[in-house]
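The structure under discussion appears below in the form of structure tokens.
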Amino acid sequence: MIIKQDFIPETNANRPRTKMSPRFITVHETANRRNGANAQMHARYVKNPTTPVSWHYTVDNHEMVFQHLPVDEIGWHAGDGGSGRGNRESIGIEICVNSDGDFIKAMENAIALIRFLMKEHSIPLGQVVPHQYWTGKNCPATLLKTWDFFKETLKNSVETDVRIVTQIEEKNSTKHPTSFLLKKGSQGEAVRQLQENLIKAGELHHHFVASGHFDLETERAVRSFQKKAELKVDGIVGSHTQAALKEILKKQPQPTPKKQKFTKKIMSGKDVRYIQFVVGAKVDGVFGKETKEKVKVYQKKHGLTVDGIVGPKTWGKIDQLAKKTVYKRPLSLKSPYMNGEDIKMVQAYLGVIMDGLYGPNTERAVRHYQATHKLVVDGIVGPKTWTQLFS
Ligand SMILES: [Zn+2]
């Protein structure tokens with residue numbers, strides 16, 4: 001077995017660099033069945049600056065295992081918060097479940113890796129636990145069905161030769177996340193990023209969903225951009241096209257979010273969810289018939305023009321109401337879960353199921369929000385995160 005150390009950049013929010021001496025090993029499954037969702041793909045994903053989670057190793061059916069964090073640093077994988085023992089004291093291992101892989105082989109590789117880590121860090125068999133152990137989450141979903149068998153196999157396993165190789169970290173790796181070519185058929189985070197930039201540059205319609213799949217529409221947008229930028233028009237995105245795109249985006253003035261809310265006709269899912277929350281419609285992020293009807297009721301109640309359209313006046317009223325929702329307390333993942341209207345507000349804005357309970361899903365969404373809004377990623381809604389969310 002070869003362990004390839006390909007660490008998350010130290011500047012990433014998902015690498016907190018908090019020291020740890022590992023006492024547990026936590027087993028996960030990636031839950032990503034897509035073709036190509038192997039260890040190498042996850043090694044790229046976890047290095048992305050906006051990825052809110054992190055773990056130590058990813059194993060697939062190949063001989064090479066990827067290591068993303070040093071074992072004496074904590075990661076965000078157990079979902080039990082910044083002070084949880086899962087995050088604080090355990091090495092996280094993700095097993096790939098991609099349908100073009102071989103799960104049995106991946107499981108065998110995971111066993112070999114765990115055996116190695118147990119010896120290396122003197123971790124007893126009893127402290128090899130499923131993710132479920134920390135939060136109750138159904139992970140690793142496949143292995144949990146036969147967890148005892150898995151442990152038994154681990155117990156009876158023999159040591160494997162392990163060789164560790166280190167990937168020398170590129171100094172500029174965060175500046176040039178895409179040194180490879182993106183073209184029709186490409187998939188992944190780099191494509192999604194490209195699509196978002198094309199939307200910002202006006203080459204893709206703002207209604208377009210950045211899916212991470214380089215489709216025909218994306219290619220058309222790339223060609224159109226290349227033509228304007230006087231580049232070779234081939235629909236393939238290499239370093240020249242990326243650089244030109246970056247240059248254009250730098251020059252574009254960023255509209256302030258407030259102004260945007262008043263003027264733009266098509267609102268983001270987040271805004272719609274919030275409106276739905278306030279007017280009492282089903283919160284699904286789609287401004288449909290039901291939402292329109294509820295908006296009308298709301299308008300009538302507040303003496304506004306009844307047209308079912310959220311224009312500046314109606315938005316002003318809704319926004320005014322939001323201002324009444326003041327920060328009361330820090331929200332975090334606790335046992336039992338915290339609950340309340342303030343949590344519902346947060347969930348409405350983050351697009352999480354609004355049950356008013358601060359569970360692992362809510363915490364995950366908060367972490368993601370924090371990571372993408374330059375906040376400290378701790379999964380806790382404190383005054384800063386709250387203000388950022390609602391102002
Ligand atoms: Zn898990």
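Ordering of the structure tokens sets the chain letters (A, B, ...), residue numbers begin anew at 1 in every chain, and ligands are numbered from 1 in the order given.
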**Message:** Taking only C-alpha atoms and all ligand atoms and a cut-off of 7 Å, can you tell me which residues surround ligand 1, written as a count of residues only?
**Reply:** 8
Contact residues around A:Ile343 with only C-alpha atoms at 7 Å, ignoring same-chain residues under 4 positions, as a JSON list (two decimals) with N, CA and C atoms, in the first residue's frame:
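Resulting contents of out.json:
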```
[["chain", "number", "residue", "atom", "x", "y", "z"],
["A", 339, "ASN", "N", -33.30, 24.27, 20.11],
["A", 339, "ASN", "CA", -34.38, 24.56, 19.19],
["A", 339, "ASN", "C", -34.97, 25.94, 19.42],
["A", 347, "GLN", "N", -32.11, 28.43, 9.36],
["A", 347, "GLN", "CA", -32.36, 27.34, 8.40],
["A", 347, "GLN", "C", -33.01, 27.85, 7.14],
["A", 356, "GLY", "N", -36.39, 23.75, 13.09],
["A", 356, "GLY", "CA", -36.09, 24.53, 14.29],
["A", 356, "GLY", "C", -35.09, 23.87, 15.22],
["A", 357, "LEU", "N", -34.53, 22.74, 14.77],
["A", 357, "LEU", "CA", -33.55, 22.03, 15.60],
["A", 357, "LEU", "C", -32.15, 22.19, 15.02],
["A", 358, "TYR", "N", -31.21, 22.53, 15.86],
["A", 358, "TYR", "CA", -29.83, 22.70, 15.41],
["A", 358, "TYR", "C", -29.10, 21.36, 15.40]]
```
Quick one: residues within 12 Å of A:Tyr337, only C-alpha atoms, excluding same-chain residues fewer than 5 positions away - as a compact mmCIF listing (two decimals) with C-alpha atoms, in the first residue's frame?
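around-v3.txt, freshly written:
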```txt
# COMPACT_ATOMS: atom_id res chain seq x y z
CA ASP A 80 -19.81 16.84 16.46
CA THR A 135 -23.59 11.85 15.96
CA LEU A 331 -26.34 28.56 18.25
CA SER A 332 -24.40 25.35 18.08
CA ILE A 343 -32.81 28.47 14.40
CA ASP A 355 -37.46 21.94 11.87
CA GLY A 356 -36.09 24.53 14.29
CA LEU A 357 -33.55 22.03 15.60
CA TYR A 358 -29.83 22.70 15.41
CA GLY A 359 -28.76 19.26 14.22
CA PRO A 360 -25.77 18.04 12.18
CA ASN A 361 -27.29 19.14 8.86
CA THR A 362 -27.74 22.67 10.11
CA GLU A 363 -24.24 22.69 11.52
```
**Message:** Residues within 12 Å of stretch 113-123 of chain A, please, as a PyMOL selection string. Count only C-alpha atoms; anything in the same chain fewer than 5 positions from it doesn't count.
**Reply:** chain A and resi 1-3+20-27+56-60+63-67+71-72+89-95+106-108+128-129+150-151+153-164
Written file, previous selection with N, CA and C atoms, as a compact mmCIF listing (two decimals), in the first residue's frame:
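Output saved as selection-v4.txt:
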```txt
# COMPACT_ATOMS: atom_id res chain seq x y z
N MET A 1 0.84 -1.21 0.00
CA MET A 1 0.00 0.00 0.00
C MET A 1 0.87 1.25 0.00
N ILE A 2 0.45 2.21 -0.80
CA ILE A 2 1.19 3.48 -0.85
C ILE A 2 0.29 4.57 -0.28
N ILE A 3 0.82 5.33 0.64
CA ILE A 3 0.06 6.48 1.16
C ILE A 3 0.65 7.73 0.52
N MET A 20 -3.56 17.49 17.64
CA MET A 20 -4.30 16.40 18.26
C MET A 20 -3.39 15.21 18.44
N SER A 21 -3.65 14.41 19.51
CA SER A 21 -3.02 13.10 19.54
C SER A 21 -4.16 12.09 19.38
N PRO A 22 -4.17 11.40 18.24
CA PRO A 22 -5.33 10.57 17.89
C PRO A 22 -5.55 9.42 18.87
N ARG A 23 -6.80 9.27 19.29
CA ARG A 23 -7.15 8.17 20.19
C ARG A 23 -8.18 7.24 19.54
N PHE A 24 -8.84 7.74 18.49
CA PHE A 24 -9.86 6.96 17.79
C PHE A 24 -9.60 6.98 16.28
N ILE A 25 -10.22 6.04 15.61
CA ILE A 25 -10.25 6.07 14.15
C ILE A 25 -11.73 6.06 13.75
N THR A 26 -12.14 7.06 12.98
CA THR A 26 -13.54 7.15 12.56
C THR A 26 -13.67 6.75 11.10
N VAL A 27 -14.55 5.80 10.84
CA VAL A 27 -14.73 5.29 9.48
C VAL A 27 -15.96 5.93 8.83
N HIS A 56 -8.72 12.75 7.17
CA HIS A 56 -7.30 12.43 7.05
C HIS A 56 -6.93 11.58 5.83
N TYR A 57 -7.74 10.54 5.58
CA TYR A 57 -7.39 9.63 4.49
C TYR A 57 -8.62 9.30 3.62
N THR A 58 -8.37 9.10 2.32
CA THR A 58 -9.42 8.55 1.45
C THR A 58 -8.88 7.29 0.79
N VAL A 59 -9.71 6.26 0.83
CA VAL A 59 -9.32 4.95 0.31
C VAL A 59 -10.29 4.55 -0.79
N ASP A 60 -9.76 4.05 -1.91
CA ASP A 60 -10.64 3.43 -2.91
C ASP A 60 -10.09 2.05 -3.24
N GLU A 63 -4.26 0.82 -5.11
CA GLU A 63 -3.22 0.60 -4.11
C GLU A 63 -2.87 1.90 -3.39
N MET A 64 -3.12 3.00 -4.08
CA MET A 64 -2.74 4.29 -3.51
C MET A 64 -3.84 4.90 -2.65
N VAL A 65 -3.44 5.22 -1.42
CA VAL A 65 -4.34 5.89 -0.48
C VAL A 65 -3.92 7.35 -0.43
N PHE A 66 -4.88 8.26 -0.36
CA PHE A 66 -4.53 9.67 -0.27
C PHE A 66 -4.66 10.17 1.16
N GLN A 67 -3.67 10.91 1.59
CA GLN A 67 -3.71 11.52 2.92
C GLN A 67 -3.84 13.03 2.76
N VAL A 71 -1.60 13.41 10.72
CA VAL A 71 -2.40 12.74 11.75
C VAL A 71 -2.37 13.45 13.10
N ASP A 72 -1.48 14.44 13.23
CA ASP A 72 -1.48 15.17 14.51
C ASP A 72 -2.24 16.50 14.39
N GLU A 89 -10.38 14.09 18.50
CA GLU A 89 -9.52 12.97 18.92
C GLU A 89 -9.45 11.84 17.90
N SER A 90 -10.07 12.02 16.72
CA SER A 90 -10.05 10.87 15.84
C SER A 90 -9.50 11.15 14.44
N ILE A 91 -8.92 10.11 13.88
CA ILE A 91 -8.43 10.14 12.51
C ILE A 91 -9.61 9.75 11.63
N GLY A 92 -9.92 10.59 10.64
CA GLY A 92 -11.07 10.33 9.77
C GLY A 92 -10.64 9.63 8.49
N ILE A 93 -11.33 8.52 8.19
CA ILE A 93 -11.05 7.79 6.95
C ILE A 93 -12.32 7.72 6.11
N GLU A 94 -12.24 8.14 4.87
CA GLU A 94 -13.38 8.04 3.95
C GLU A 94 -13.13 6.87 3.00
N ILE A 95 -14.12 6.01 2.87
CA ILE A 95 -14.04 4.92 1.90
C ILE A 95 -14.92 5.28 0.71
N ALA A 106 -12.00 -1.78 -1.86
CA ALA A 106 -11.81 -0.54 -1.09
C ALA A 106 -11.88 -0.83 0.40
N MET A 107 -12.80 -1.71 0.78
CA MET A 107 -12.94 -2.08 2.18
C MET A 107 -11.68 -2.81 2.67
N GLU A 108 -11.14 -3.68 1.84
CA GLU A 108 -9.90 -4.39 2.21
C GLU A 108 -8.75 -3.40 2.40
N VAL A 128 -11.93 1.89 17.16
CA VAL A 128 -12.19 2.07 15.72
C VAL A 128 -13.71 2.12 15.62
N VAL A 129 -14.24 3.29 15.26
CA VAL A 129 -15.69 3.49 15.34
C VAL A 129 -16.27 4.00 14.02
N PHE A 150 -17.19 -6.41 9.77
CA PHE A 150 -16.07 -5.53 9.41
C PHE A 150 -15.02 -5.53 10.53
N LYS A 151 -15.50 -5.40 11.76
CA LYS A 151 -14.58 -5.38 12.90
C LYS A 151 -13.87 -6.73 13.06
N THR A 153 -13.21 -8.87 10.65
CA THR A 153 -12.21 -8.95 9.57
C THR A 153 -10.97 -8.14 9.94
N LEU A 154 -11.22 -6.97 10.51
CA LEU A 154 -10.12 -6.11 10.93
C LEU A 154 -9.27 -6.79 12.00
N LYS A 155 -9.98 -7.41 12.94
CA LYS A 155 -9.31 -8.09 14.05
C LYS A 155 -8.39 -9.20 13.53
N ASN A 156 -8.86 -9.90 12.51
CA ASN A 156 -8.10 -11.04 11.98
C ASN A 156 -7.13 -10.66 10.86
N SER A 157 -7.05 -9.38 10.55
CA SER A 157 -6.21 -8.98 9.41
C SER A 157 -4.73 -9.01 9.78
N VAL A 158 -3.90 -9.10 8.75
CA VAL A 158 -2.46 -9.08 8.98
C VAL A 158 -1.88 -7.76 8.45
N GLU A 159 -0.69 -7.45 8.92
CA GLU A 159 -0.07 -6.20 8.50
C GLU A 159 0.32 -6.21 7.03
N THR A 160 0.22 -5.04 6.40
CA THR A 160 0.62 -4.88 5.01
C THR A 160 1.81 -3.93 4.98
N ASP A 161 2.62 -4.06 3.94
CA ASP A 161 3.71 -3.10 3.77
C ASP A 161 3.12 -1.76 3.37
N VAL A 162 3.59 -0.72 4.04
CA VAL A 162 3.09 0.61 3.72
C VAL A 162 4.26 1.52 3.36
N ARG A 163 4.10 2.21 2.25
CA ARG A 163 5.14 3.16 1.83
C ARG A 163 4.49 4.54 1.77
N ILE A 164 5.15 5.53 2.35
CA ILE A 164 4.57 6.88 2.34
C ILE A 164 5.32 7.76 1.36
```
**Item:** Spatial neighbours of A:Ile236, 7 Å, only C-alpha atoms, chain gap at least 5 places, as a PyMOL selection string
**Value:** chain A and resi 181-183
With C-alpha atoms retained, could you export that selection as a compact mmCIF listing (two decimals), in the first residue's frame?
```txt
# COMPACT_ATOMS: atom_id res chain seq x y z
CA LEU A 181 -7.73 21.79 -19.43
CA LEU A 182 -11.48 21.99 -19.03
CA LYS A 183 -13.59 21.05 -21.98
```
**Request:** Report as a list in words: the residues of stretch 137-357 of chain A with a DSSP assignment of strand (DSSP E or B), based on the backbone of this structure.
**Result:**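 Reading the DSSP output for stretch 137-357 of chain A, strand (DSSP E or B) covers Arg163, Ile164, Val165, Thr166, Leu182, Gln187, His213, Val237, Leu331, Asn339 and Leu357 of chain A.
The two atoms in question, atom CA of A:Thr166 and atom CA of A:Asp6, are spaced 6.7 Å apart.
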**Request:** May I ask for the distance between atom CA of A:Thr241 and atom CA of A:Gln226, given in Å to one decimal place?
**Result:**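 So the answer is 6.9 Å.
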**Prompt:** Could you work out how far atom CA of A:Asp215 lies from atom CA of A:Gly185, giving the answer in Å with one decimal?
**Reply:** 6.5 Å
